[in-house]
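Printed here is structure_7.cif (mmCIF, C-alpha atoms):
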data_work
#
loop_
_atom_site.label_atom_id
_atom_site.label_comp_id
_atom_site.auth_asym_id
_atom_site.auth_seq_id
_atom_site.Cartn_x
_atom_site.Cartn_y
_atom_site.Cartn_z
CA MET A 1028 0.67 -56.78 -0.50
CA HIS A 1029 1.53 -53.25 0.55
CA ARG A 1030 3.25 -54.63 3.61
CA ILE A 1031 5.46 -57.00 1.61
CA ALA A 1032 6.35 -54.64 -1.25
CA VAL A 1033 6.99 -51.51 0.84
CA ASP A 1034 7.75 -52.47 4.44
CA VAL A 1035 9.41 -55.88 4.19
CA GLN A 1036 11.25 -56.00 0.86
CA HIS A 1037 11.72 -52.23 0.28
CA TRP A 1038 11.02 -52.67 -3.42
CA MET A 1039 9.22 -49.35 -3.64
CA THR A 1040 8.26 -46.26 -1.65
CA ASP A 1041 4.80 -45.54 -0.28
CA LYS A 1042 4.17 -42.99 -3.04
CA GLN A 1043 5.27 -45.43 -5.73
CA PHE A 1044 2.93 -48.04 -4.33
CA ALA A 1045 0.01 -45.59 -4.32
CA ASP A 1046 0.73 -44.74 -7.96
CA VAL A 1047 0.92 -48.38 -8.94
CA PHE A 1048 -2.35 -49.02 -7.16
CA ALA A 1049 -4.06 -46.14 -9.00
CA ILE A 1050 -2.79 -47.38 -12.38
CA SER A 1051 -3.93 -50.92 -11.71
CA GLN A 1052 -7.38 -49.60 -10.81
CA LEU A 1053 -7.46 -47.51 -13.96
CA SER A 1054 -6.85 -50.40 -16.26
CA PRO A 1055 -9.23 -53.19 -17.16
CA GLY A 1056 -8.72 -56.80 -16.14
CA PRO A 1057 -8.47 -58.72 -12.90
CA ASN A 1058 -7.34 -56.72 -9.85
CA VAL A 1059 -4.42 -59.09 -9.49
CA LEU A 1060 -2.64 -57.13 -12.23
CA ILE A 1061 -1.22 -54.87 -9.54
CA VAL A 1062 1.49 -57.50 -9.10
CA THR A 1063 2.37 -57.04 -12.78
CA LEU A 1064 3.10 -53.39 -12.06
CA ILE A 1065 5.06 -54.13 -8.91
CA GLY A 1066 7.15 -56.58 -10.92
CA TYR A 1067 7.56 -53.99 -13.66
CA SER A 1068 8.78 -51.25 -11.36
CA VAL A 1069 11.22 -53.59 -9.65
CA ALA A 1070 12.67 -55.46 -12.64
CA GLY A 1071 11.21 -54.17 -15.91
CA LEU A 1072 9.35 -56.34 -18.40
CA THR A 1073 10.84 -59.60 -17.18
CA GLY A 1074 9.84 -58.69 -13.66
CA ALA A 1075 6.31 -57.92 -14.83
CA LEU A 1076 5.92 -61.29 -16.52
CA ALA A 1077 7.58 -63.21 -13.70
CA ALA A 1078 5.39 -61.56 -11.06
CA THR A 1079 2.18 -62.15 -13.00
CA LEU A 1080 2.90 -65.80 -13.74
CA ALA A 1081 4.15 -66.49 -10.22
CA MET A 1082 0.97 -65.00 -8.80
CA CYS A 1083 -1.43 -66.86 -11.08
CA VAL A 1084 0.02 -70.11 -12.36
CA PRO A 1085 0.51 -72.18 -9.18
CA THR A 1086 -2.98 -71.48 -7.87
CA ALA A 1087 -4.42 -71.99 -11.35
CA VAL A 1088 -2.79 -75.41 -11.55
CA LEU A 1089 -4.18 -76.24 -8.13
CA ALA A 1090 -7.65 -75.11 -9.20
CA TYR A 1091 -7.38 -77.26 -12.32
CA GLY A 1092 -6.32 -80.28 -10.28
CA VAL A 1093 -9.04 -79.87 -7.69
CA SER A 1094 -11.78 -79.42 -10.27
CA ARG A 1095 -10.56 -82.46 -12.21
CA LEU A 1096 -10.52 -84.49 -9.02
CA LEU A 1097 -14.01 -83.36 -8.07
CA ARG A 1098 -15.44 -84.14 -11.48
CA SER A 1099 -13.86 -87.57 -11.76
CA SER A 1100 -14.92 -88.67 -8.29
CA ARG A 1101 -17.86 -91.05 -8.26
CA SER A 1102 -19.08 -90.36 -4.74
CA GLY A 1103 -21.67 -87.70 -4.03
CA TRP A 1104 -19.38 -85.72 -1.74
CA PRO A 1105 -17.87 -83.22 -4.19
CA ALA A 1106 -21.28 -82.14 -5.42
CA ILE A 1107 -22.50 -81.71 -1.85
CA VAL A 1108 -19.47 -79.68 -0.81
CA GLN A 1109 -19.69 -77.52 -3.90
CA ALA A 1110 -23.40 -76.91 -3.39
CA ALA A 1111 -22.70 -76.06 0.24
CA LEU A 1112 -20.14 -73.43 -0.78
CA VAL A 1113 -22.55 -71.57 -3.06
CA PRO A 1114 -24.48 -69.63 -0.38
CA LEU A 1115 -21.23 -68.88 1.47
CA SER A 1116 -19.63 -67.52 -1.68
CA ILE A 1117 -22.62 -65.33 -2.52
CA GLY A 1118 -22.85 -64.08 1.06
CA LEU A 1119 -19.14 -63.16 0.99
CA MET A 1120 -19.47 -61.37 -2.34
CA GLY A 1121 -22.45 -59.44 -0.97
CA ALA A 1122 -20.44 -58.45 2.08
CA SER A 1123 -17.52 -57.25 -0.02
CA GLY A 1124 -19.97 -55.27 -2.18
CA LEU A 1125 -21.22 -53.55 0.96
CA ILE A 1126 -17.71 -52.91 2.31
CA LEU A 1127 -16.57 -51.49 -1.03
CA ALA A 1128 -19.68 -49.30 -1.22
CA VAL A 1129 -18.99 -47.89 2.24
CA ALA A 1130 -15.34 -47.27 1.33
CA SER A 1131 -15.86 -45.67 -2.07
CA ASP A 1132 -19.15 -43.81 -1.60
CA ARG A 1133 -18.12 -40.92 0.59
CA THR A 1134 -20.84 -38.52 -0.61
CA VAL A 1135 -24.58 -38.83 -1.07
CA ALA A 1136 -24.14 -38.34 -4.83
CA ALA A 1137 -21.66 -41.22 -4.95
CA GLY A 1138 -24.09 -43.43 -3.04
CA LEU A 1139 -26.80 -42.53 -5.54
CA VAL A 1140 -24.54 -43.45 -8.46
CA THR A 1141 -23.86 -46.85 -6.89
CA ALA A 1142 -27.54 -47.48 -6.10
CA THR A 1143 -28.65 -46.44 -9.59
CA ALA A 1144 -26.00 -48.57 -11.25
CA ALA A 1145 -27.00 -51.56 -9.10
CA ALA A 1146 -30.71 -51.13 -9.87
CA LEU A 1147 -30.21 -50.66 -13.61
CA ALA A 1148 -27.76 -53.55 -13.90
CA PHE A 1149 -30.07 -55.85 -11.98
CA ALA A 1150 -33.35 -54.95 -13.63
CA THR A 1151 -32.36 -54.22 -17.24
CA ARG A 1152 -30.24 -55.77 -19.97
CA LEU A 1153 -28.34 -52.51 -20.40
CA ASN A 1154 -24.67 -53.06 -21.24
CA PRO A 1155 -22.76 -52.38 -17.98
CA LEU A 1156 -20.16 -50.41 -19.95
CA TRP A 1157 -22.67 -47.56 -20.23
CA LEU A 1158 -23.02 -47.49 -16.47
CA LEU A 1159 -19.23 -47.42 -15.99
CA LEU A 1160 -18.99 -44.68 -18.60
CA ALA A 1161 -21.70 -42.62 -16.90
CA GLY A 1162 -19.89 -43.05 -13.56
CA GLY A 1163 -16.66 -41.91 -15.19
CA VAL A 1164 -18.28 -38.82 -16.70
CA LEU A 1165 -19.85 -37.88 -13.37
CA GLY A 1166 -16.50 -38.40 -11.65
CA PHE A 1167 -14.68 -36.30 -14.24
CA ALA A 1168 -17.25 -33.52 -13.79
CA GLY A 1169 -16.55 -33.64 -10.07
CA VAL A 1170 -20.06 -34.72 -9.05
CA VAL A 1171 -19.09 -37.75 -6.99
CA MET B 1410 -19.17 -62.76 -37.57
CA GLU B 1411 -19.60 -66.48 -38.11
CA ILE B 1412 -16.63 -68.49 -36.95
CA PRO B 1413 -16.92 -72.01 -38.37
CA LEU B 1414 -15.64 -73.55 -35.14
CA TYR B 1415 -18.81 -72.53 -33.32
CA ARG B 1416 -21.32 -75.32 -33.13
CA TRP B 1417 -24.24 -72.95 -32.84
CA PRO B 1418 -25.15 -69.74 -34.63
CA CYS B 1419 -23.62 -67.27 -32.26
CA SER B 1420 -25.07 -64.10 -33.72
CA ASN B 1421 -28.54 -65.53 -33.33
CA ARG B 1422 -28.13 -66.41 -29.67
CA ARG B 1423 -26.69 -63.10 -28.88
CA SER B 1424 -29.43 -61.03 -30.45
CA LYS B 1425 -31.99 -63.12 -28.60
CA SER B 1426 -30.39 -62.68 -25.24
CA ARG B 1427 -30.70 -58.95 -25.51
CA PHE B 1428 -34.44 -59.15 -25.32
CA MET B 1429 -34.99 -62.16 -23.17
CA SER B 1430 -33.89 -62.34 -19.61
CA PRO B 1431 -32.20 -65.72 -19.21
CA ASP B 1432 -33.18 -65.64 -15.57
CA SER B 1433 -36.82 -65.71 -16.56
CA ASN B 1434 -36.29 -68.30 -19.26
CA PRO B 1435 -37.67 -71.56 -17.87
CA ALA B 1436 -35.53 -73.70 -20.19
CA ALA B 1437 -32.37 -72.19 -18.76
CA ILE B 1438 -33.45 -72.94 -15.20
CA GLU B 1439 -34.77 -76.43 -15.63
CA ALA B 1440 -32.11 -77.82 -17.93
CA PRO B 1441 -29.97 -79.86 -15.56
CA GLU B 1442 -27.29 -80.59 -18.13
CA LEU B 1443 -24.92 -78.23 -19.86
CA PRO B 1444 -26.34 -76.15 -22.63
CA THR B 1445 -25.43 -77.87 -25.89
CA ALA B 1446 -22.68 -75.48 -26.93
CA THR B 1447 -19.03 -76.43 -26.50
CA PRO B 1448 -16.81 -73.41 -27.06
CA SER B 1449 -13.78 -73.75 -29.31
CA LEU B 1450 -10.32 -72.72 -28.13
CA ILE B 1451 -10.53 -69.48 -30.07
CA ALA B 1452 -13.99 -68.77 -28.68
CA LEU B 1453 -12.66 -69.34 -25.15
CA PHE B 1454 -9.73 -67.01 -25.69
CA ILE B 1455 -11.89 -64.28 -27.21
CA ALA B 1456 -14.62 -64.55 -24.59
CA PHE B 1457 -12.17 -64.27 -21.68
CA ALA B 1458 -10.19 -61.48 -23.36
CA LYS B 1459 -13.42 -59.55 -23.86
CA MET B 1460 -14.66 -59.93 -20.31
CA SER B 1461 -11.26 -59.02 -18.99
CA LEU B 1462 -10.96 -55.90 -21.13
CA ALA B 1463 -14.42 -54.74 -20.10
CA GLY B 1464 -13.71 -55.47 -16.46
CA PHE B 1465 -13.01 -52.11 -14.90
CA GLY B 1466 -13.42 -52.69 -11.19
CA GLY B 1467 -13.99 -56.42 -11.32
CA VAL B 1468 -14.33 -59.12 -13.95
CA LEU B 1469 -17.01 -61.22 -12.22
CA VAL B 1470 -19.80 -59.02 -13.59
CA TRP B 1471 -18.61 -59.65 -17.13
CA ALA B 1472 -17.79 -63.29 -16.62
CA ARG B 1473 -21.34 -64.06 -15.55
CA ARG B 1474 -22.82 -61.92 -18.30
CA SER B 1475 -20.73 -63.64 -20.95
CA ILE B 1476 -20.92 -67.24 -19.74
CA VAL B 1477 -24.52 -67.36 -18.54
CA ASP B 1478 -26.40 -64.61 -20.37
CA GLN B 1479 -24.73 -64.29 -23.75
CA HIS B 1480 -23.10 -67.60 -24.65
CA ARG B 1481 -25.27 -69.87 -22.45
CA TRP B 1482 -22.23 -72.01 -21.78
CA MET B 1483 -23.47 -72.64 -18.26
CA THR B 1484 -26.74 -72.33 -16.41
CA ALA B 1485 -27.05 -69.88 -13.52
CA ASP B 1486 -26.69 -72.76 -11.05
CA GLU B 1487 -23.62 -74.25 -12.70
CA PHE B 1488 -21.98 -70.85 -12.76
CA ASN B 1489 -22.68 -70.38 -9.05
CA GLU B 1490 -21.16 -73.76 -8.20
CA THR B 1491 -18.09 -73.26 -10.36
CA PHE B 1492 -17.50 -69.79 -9.03
CA ALA B 1493 -17.99 -70.92 -5.43
CA LEU B 1494 -15.30 -73.56 -5.89
CA CYS B 1495 -12.88 -71.04 -7.43
CA HIS B 1496 -13.72 -68.52 -4.73
CA PHE B 1497 -12.65 -70.89 -1.95
CA LEU B 1498 -9.47 -72.11 -3.61
CA PRO B 1499 -6.40 -69.95 -3.03
CA GLY B 1500 -5.43 -67.42 -5.68
CA PRO B 1501 -7.32 -64.80 -7.69
CA ASN B 1502 -10.81 -66.24 -8.11
CA ILE B 1503 -11.39 -65.06 -11.68
CA VAL B 1504 -8.08 -66.57 -12.80
CA ASN B 1505 -9.11 -69.84 -11.17
CA LEU B 1506 -12.48 -69.59 -12.90
CA SER B 1507 -10.87 -69.17 -16.32
CA VAL B 1508 -8.79 -72.33 -15.83
CA VAL B 1509 -11.57 -74.45 -14.38
CA PHE B 1510 -14.03 -73.26 -17.00
CA GLY B 1511 -11.67 -73.68 -19.94
CA SER B 1512 -10.53 -77.14 -18.86
CA ARG B 1513 -14.08 -78.29 -18.40
CA PHE B 1514 -14.80 -77.85 -22.08
CA ARG B 1515 -11.42 -78.30 -23.75
CA GLY B 1516 -9.04 -79.86 -21.25
CA ILE B 1517 -5.63 -78.33 -20.64
CA PRO B 1518 -5.51 -76.41 -23.96
CA GLY B 1519 -8.88 -74.88 -23.05
CA ALA B 1520 -7.57 -73.86 -19.65
CA GLY B 1521 -4.56 -72.27 -21.35
CA ALA B 1522 -6.70 -70.41 -23.89
CA ALA B 1523 -9.00 -68.96 -21.23
CA PHE B 1524 -6.06 -68.11 -18.94
CA CYS B 1525 -4.16 -66.30 -21.72
CA GLY B 1526 -7.29 -64.49 -22.86
CA LEU B 1527 -7.98 -63.30 -19.34
CA LEU B 1528 -4.44 -62.13 -18.54
CA GLY B 1529 -2.67 -61.40 -21.84
CA PRO B 1530 -4.43 -58.30 -23.20
CA PRO B 1531 -4.82 -56.50 -19.84
CA VAL B 1532 -1.16 -57.12 -18.95
CA ILE B 1533 -0.18 -55.32 -22.14
CA ILE B 1534 -2.55 -52.45 -21.37
CA VAL B 1535 -1.46 -52.07 -17.78
CA LEU B 1536 2.20 -51.95 -18.86
CA LEU B 1537 1.41 -49.31 -21.51
CA LEU B 1538 -0.38 -47.25 -18.86
CA ALA B 1539 2.59 -47.58 -16.52
CA ALA B 1540 4.92 -46.35 -19.27
CA LEU B 1541 2.60 -43.43 -20.07
CA TYR B 1542 2.35 -42.57 -16.42
CA ALA B 1543 6.11 -42.60 -15.99
CA ARG B 1544 6.30 -40.05 -18.82
CA PHE B 1545 3.36 -37.79 -18.02
CA GLY B 1546 3.26 -37.95 -14.25
CA GLU B 1547 0.16 -36.64 -12.50
CA ILE B 1548 -3.15 -38.00 -13.59
CA ASP B 1549 -5.56 -36.05 -11.43
CA ALA B 1550 -8.46 -35.85 -13.89
CA LEU B 1551 -8.06 -39.57 -14.52
CA ARG B 1552 -8.14 -40.26 -10.82
CA ARG B 1553 -11.36 -38.27 -10.44
CA THR B 1554 -12.86 -40.15 -13.38
CA LEU B 1555 -11.76 -43.38 -11.79
CA ALA B 1556 -13.54 -42.47 -8.55
CA GLY B 1557 -16.77 -42.15 -10.54
CA VAL B 1558 -16.13 -45.41 -12.37
CA SER B 1559 -15.56 -47.27 -9.14
CA CYS B 1560 -18.84 -45.99 -7.68
CA ALA B 1561 -20.65 -47.47 -10.68
CA ALA B 1562 -18.52 -50.63 -10.56
CA VAL B 1563 -19.57 -51.28 -6.96
CA GLY B 1564 -23.17 -50.97 -8.09
CA LEU B 1565 -22.53 -53.55 -10.83
CA LEU B 1566 -20.99 -55.92 -8.30
CA ILE B 1567 -24.04 -55.60 -6.05
CA ALA B 1568 -26.29 -56.30 -9.02
CA VAL B 1569 -24.40 -59.44 -10.05
CA VAL B 1570 -24.56 -60.74 -6.48
CA CYS B 1571 -28.33 -60.22 -6.57
CA ARG B 1572 -28.53 -62.14 -9.84
CA MET B 1573 -26.47 -64.99 -8.44
CA MET B 1574 -28.88 -65.10 -5.51
CA MET B 1575 -31.92 -65.56 -7.73
CA PRO B 1576 -31.57 -69.34 -8.31
CA LEU B 1577 -31.54 -69.90 -4.54
CA ILE B 1578 -34.57 -67.73 -4.00
CA ARG B 1579 -36.44 -69.23 -6.93
CA LYS B 1580 -35.87 -72.74 -5.58
CA ARG B 1581 -37.23 -71.58 -2.17
CA ASP B 1582 -34.02 -72.88 -0.73
CA VAL B 1583 -34.60 -71.37 2.72
CA VAL B 1584 -31.56 -72.99 4.34
CA SER B 1585 -29.16 -71.62 1.74
CA VAL B 1586 -30.69 -68.17 1.92
CA VAL B 1587 -30.31 -68.16 5.70
CA ILE B 1588 -26.66 -69.26 5.48
CA MET B 1589 -26.00 -66.64 2.83
CA ALA B 1590 -27.62 -63.91 4.93
CA ALA B 1591 -25.70 -65.03 8.03
CA VAL B 1592 -22.35 -64.79 6.22
CA PHE B 1593 -23.32 -61.41 4.79
CA ILE B 1594 -24.27 -60.06 8.21
CA ALA B 1595 -21.23 -61.53 9.97
CA ILE B 1596 -18.71 -60.13 7.47
CA GLY B 1597 -20.45 -57.12 5.98
CA LEU B 1598 -22.27 -55.65 8.97
CA LEU B 1599 -20.59 -57.04 12.09
CA ARG B 1600 -17.13 -57.10 10.46
CA LEU B 1601 -16.18 -60.33 12.21
CA PRO B 1602 -12.80 -61.75 11.13
CA LEU B 1603 -13.09 -63.72 7.89
CA PRO B 1604 -11.17 -66.90 8.93
CA ALA B 1605 -13.29 -67.35 12.05
CA VAL B 1606 -16.53 -66.93 10.13
CA LEU B 1607 -15.45 -69.39 7.43
CA LEU B 1608 -14.20 -71.89 9.99
CA ALA B 1609 -17.66 -71.92 11.50
CA ALA B 1610 -19.72 -71.55 8.34
CA ILE B 1611 -18.08 -74.10 6.03
CA PRO B 1612 -18.66 -77.18 8.24
CA ILE B 1613 -22.17 -76.05 9.12
CA SER B 1614 -23.09 -75.50 5.50
CA ILE B 1615 -21.61 -78.84 4.41
CA ALA B 1616 -23.36 -80.68 7.24
CA ILE B 1617 -26.69 -79.13 6.31
CA ALA B 1618 -26.22 -79.86 2.61
CA PHE B 1619 -25.33 -83.45 3.46
CA GLY B 1620 -28.37 -83.78 5.75
CA THR B 1621 -30.75 -82.42 3.12
CA ARG B 1622 -29.29 -84.69 0.44
CA ALA B 1623 -29.58 -87.75 2.69
CA ARG B 1624 -33.17 -86.95 3.53
CA ALA B 1625 -34.01 -86.38 -0.12
CA ALA B 1626 -32.49 -89.75 -1.01
CA ALA B 1627 -34.35 -91.62 1.72
#
File written out as structure tokens:
Amino acid sequence: MHRIAVDVQHWMTDKQFADVFAISQLSPGPNVLIVTLIGYSVAGLTGALAATLAMCVPTAVLAYGVSRLLRSSRSGWPAIVQAALVPLSIGLMGASGLILAVASDRTVAAGLVTATAAALAFATRLNPLWLLLAGGVLGFAGVV
Amino acid sequence: MEIPLYRWPCSNRRSKSRFMSPDSNPAAIEAPELPTATPSLIALFIAFAKMSLAGFGGVLVWARRSIVDQHRWMTADEFNETFALCHFLPGPNIVNLSVVFGSRFRGIPGAGAAFCGLLGPPVIIVLLLAALYARFGEIDALRRTLAGVSCAAVGLLIAVVCRMMMPLIRKRDVVSVVIMAAVFIAIGLLRLPLPAVLLAAIPISIAIAFGTRARAAA
């Protein structure tokens, strides 16, 4: 995404892209919203809407079609394929969790925050917002 | 907050799920069919808006919490299968999930409601933030805070992956656990290129699933 927005199309500078990335991380919602901001900085509100819809709608329609097709099919194949994808999907998510942890936990304290959050979220019914809030407070205080 | 469109008493379910782990609830594991509830369009919109607005550093955590733990709209297994499908289709996987999930209960209007709930409110917020940022410039304290939030968010992601793993482990599904571990090691530890790993793993996994199914049927 960086390559297309900065290097190929020259829509924005490196610094602008870094800012947009930080803002998109700061706000709630799917990570894909970074394209909303790229659209916004290139072409204002219209650009923001166009970029968001262009990013999400075609693949969403495809997902709808595929899931309809799978559910209407009478053969056992779709169920088998879907069941076969489950362990792959979980393995991939686990790997990205690890990669993200390595990238964002540069200090021992940060690693501890991640480990504690993981343990509490797995073992208790605590609302995850409290864990995010605690992480934010620690970050603001400069601990992590 | 009783919305008449709900078919079940929502406040009741919710207060229960705070004390009872759905993962340890045998009814939730054994029930092969959908839980009885069918969400209304408004309920879909609100649920996806909520999970999206809570989703700092990833919406998956909140999607699973809302769909499986709080509303019981899907069992843990159904959620895994739906998410796996959305994960392997192109596009942002949570956006795909909103459409597939919404359409499953309420057809195209349901897909639209979930899609708008997921994207509408955060788009407004992100644009407000961008406008604020353009006016106030540096946001160093915010960035520091964000670093802390993302450390916790990674922890939450790891926890939700562990929860999604539990149905496989509980079923003693050794083959699936081995495939899952192999993908994790190949991508997470060895850092092999993703396309190569998937090109190898998808056919193997499908072949094994097909073999097991055939043997079970025989």
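The shortest atom-to-atom distance to chain B, with all atoms listed in the file taken into account, belongs to A:Ala1111 out of A:Ala1136, A:Ala1111, A:Leu1076, A:Val1035.
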Point-to-point distance from CA of Gly1118 in chain A to CA of Met1589 in chain B, Å rounded to tenths = 4.4 Å
request  = Can you pull out every residue within 10 Å of Leu1158 in chain A, counting only C-alpha atoms, but drop anything in the same chain fewer than 4 positions away, and send it as JSON, numbers by chain?
outcome  = {"A": [1140, 1141, 1143, 1144, 1145, 1147, 1148, 1153, 1154, 1162, 1163, 1164], "B": [1558, 1560, 1561, 1562, 1564, 1565]}
Include C-alpha atoms and write out the residues we just selected as a PDB file, in the frame of the given file.
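New file out.pdb:
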ATOM      1  CA  VAL A1140     -24.540 -43.450  -8.460  1.00  0.00           C
ATOM      2  CA  THR A1141     -23.860 -46.850  -6.890  1.00  0.00           C
ATOM      3  CA  THR A1143     -28.650 -46.440  -9.590  1.00  0.00           C
ATOM      4  CA  ALA A1144     -26.000 -48.570 -11.250  1.00  0.00           C
ATOM      5  CA  ALA A1145     -27.000 -51.560  -9.100  1.00  0.00           C
ATOM      6  CA  LEU A1147     -30.210 -50.660 -13.610  1.00  0.00           C
ATOM      7  CA  ALA A1148     -27.760 -53.550 -13.900  1.00  0.00           C
ATOM      8  CA  LEU A1153     -28.340 -52.510 -20.400  1.00  0.00           C
ATOM      9  CA  ASN A1154     -24.670 -53.060 -21.240  1.00  0.00           C
ATOM     10  CA  GLY A1162     -19.890 -43.050 -13.560  1.00  0.00           C
ATOM     11  CA  GLY A1163     -16.660 -41.910 -15.190  1.00  0.00           C
ATOM     12  CA  VAL A1164     -18.280 -38.820 -16.700  1.00  0.00           C
TER      13      VAL A1164
ATOM     14  CA  VAL B1558     -16.130 -45.410 -12.370  1.00  0.00           C
ATOM     15  CA  CYS B1560     -18.840 -45.990  -7.680  1.00  0.00           C
ATOM     16  CA  ALA B1561     -20.650 -47.470 -10.680  1.00  0.00           C
ATOM     17  CA  ALA B1562     -18.520 -50.630 -10.560  1.00  0.00           C
ATOM     18  CA  GLY B1564     -23.170 -50.970  -8.090  1.00  0.00           C
ATOM     19  CA  LEU B1565     -22.530 -53.550 -10.830  1.00  0.00           C
TER      20      LEU B1565
END
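Taking CA of Leu1608 in chain B and CA of Ser1131 in chain A as the two end points, the separation is 28.9 Å.
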Return as a PDB file with C-alpha atoms, keeping the file's coordinate frame the residues belonging to chain B that are within 6 Å of chain A, counting all atoms listed in the file.
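Result file selection33.pdb:
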ATOM      1  CA  SER B1461     -11.260 -59.020 -18.990  1.00  0.00           C
ATOM      2  CA  LEU B1462     -10.960 -55.900 -21.130  1.00  0.00           C
ATOM      3  CA  GLY B1464     -13.710 -55.470 -16.460  1.00  0.00           C
ATOM      4  CA  PHE B1465     -13.010 -52.110 -14.900  1.00  0.00           C
ATOM      5  CA  VAL B1468     -14.330 -59.120 -13.950  1.00  0.00           C
ATOM      6  CA  GLU B1490     -21.160 -73.760  -8.200  1.00  0.00           C
ATOM      7  CA  ALA B1493     -17.990 -70.920  -5.430  1.00  0.00           C
ATOM      8  CA  GLY B1500      -5.430 -67.420  -5.680  1.00  0.00           C
ATOM      9  CA  ASN B1505      -9.110 -69.840 -11.170  1.00  0.00           C
ATOM     10  CA  VAL B1509     -11.570 -74.450 -14.380  1.00  0.00           C
ATOM     11  CA  PRO B1531      -4.820 -56.500 -19.840  1.00  0.00           C
ATOM     12  CA  VAL B1535      -1.460 -52.070 -17.780  1.00  0.00           C
ATOM     13  CA  ARG B1553     -11.360 -38.270 -10.440  1.00  0.00           C
ATOM     14  CA  THR B1554     -12.860 -40.150 -13.380  1.00  0.00           C
ATOM     15  CA  ALA B1556     -13.540 -42.470  -8.550  1.00  0.00           C
ATOM     16  CA  GLY B1557     -16.770 -42.150 -10.540  1.00  0.00           C
ATOM     17  CA  VAL B1558     -16.130 -45.410 -12.370  1.00  0.00           C
ATOM     18  CA  CYS B1560     -18.840 -45.990  -7.680  1.00  0.00           C
ATOM     19  CA  ALA B1561     -20.650 -47.470 -10.680  1.00  0.00           C
ATOM     20  CA  GLY B1564     -23.170 -50.970  -8.090  1.00  0.00           C
ATOM     21  CA  LEU B1565     -22.530 -53.550 -10.830  1.00  0.00           C
ATOM     22  CA  ILE B1567     -24.040 -55.600  -6.050  1.00  0.00           C
ATOM     23  CA  ALA B1568     -26.290 -56.300  -9.020  1.00  0.00           C
ATOM     24  CA  SER B1585     -29.160 -71.620   1.740  1.00  0.00           C
ATOM     25  CA  MET B1589     -26.000 -66.640   2.830  1.00  0.00           C
ATOM     26  CA  VAL B1592     -22.350 -64.790   6.220  1.00  0.00           C
ATOM     27  CA  PHE B1593     -23.320 -61.410   4.790  1.00  0.00           C
ATOM     28  CA  ILE B1596     -18.710 -60.130   7.470  1.00  0.00           C
ATOM     29  CA  GLY B1597     -20.450 -57.120   5.980  1.00  0.00           C
ATOM     30  CA  SER B1614     -23.090 -75.500   5.500  1.00  0.00           C
ATOM     31  CA  ILE B1615     -21.610 -78.840   4.410  1.00  0.00           C
ATOM     32  CA  ALA B1618     -26.220 -79.860   2.610  1.00  0.00           C
TER      33      ALA B1618
END
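Here CA of Thr1621 in chain B stands at a distance of 16.2 Å from CA of Ser1102 in chain A.
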Spell out the residues picked by the PyMOL selection byres ((chain B and resi 1577-1580) around 10) here, as a short mmCIF file (atom, residue, chain, number, x, y, z; two decimals) with C-alpha atoms, in the frame of the given file.
data_model
loop_
_atom_site.label_atom_id
_atom_site.label_comp_id
_atom_site.auth_asym_id
_atom_site.auth_seq_id
_atom_site.Cartn_x
_atom_site.Cartn_y
_atom_site.Cartn_z
CA VAL A 1113 -22.55 -71.57 -3.06
CA PRO A 1114 -24.48 -69.63 -0.38
CA ASP B 1432 -33.18 -65.64 -15.57
CA ILE B 1438 -33.45 -72.94 -15.20
CA ASP B 1486 -26.69 -72.76 -11.05
CA ASN B 1489 -22.68 -70.38 -9.05
CA ARG B 1572 -28.53 -62.14 -9.84
CA MET B 1573 -26.47 -64.99 -8.44
CA MET B 1574 -28.88 -65.10 -5.51
CA MET B 1575 -31.92 -65.56 -7.73
CA PRO B 1576 -31.57 -69.34 -8.31
CA ARG B 1581 -37.23 -71.58 -2.17
CA ASP B 1582 -34.02 -72.88 -0.73
CA VAL B 1583 -34.60 -71.37 2.72
CA VAL B 1584 -31.56 -72.99 4.34
CA SER B 1585 -29.16 -71.62 1.74
CA VAL B 1586 -30.69 -68.17 1.92
CA MET B 1589 -26.00 -66.64 2.83
#
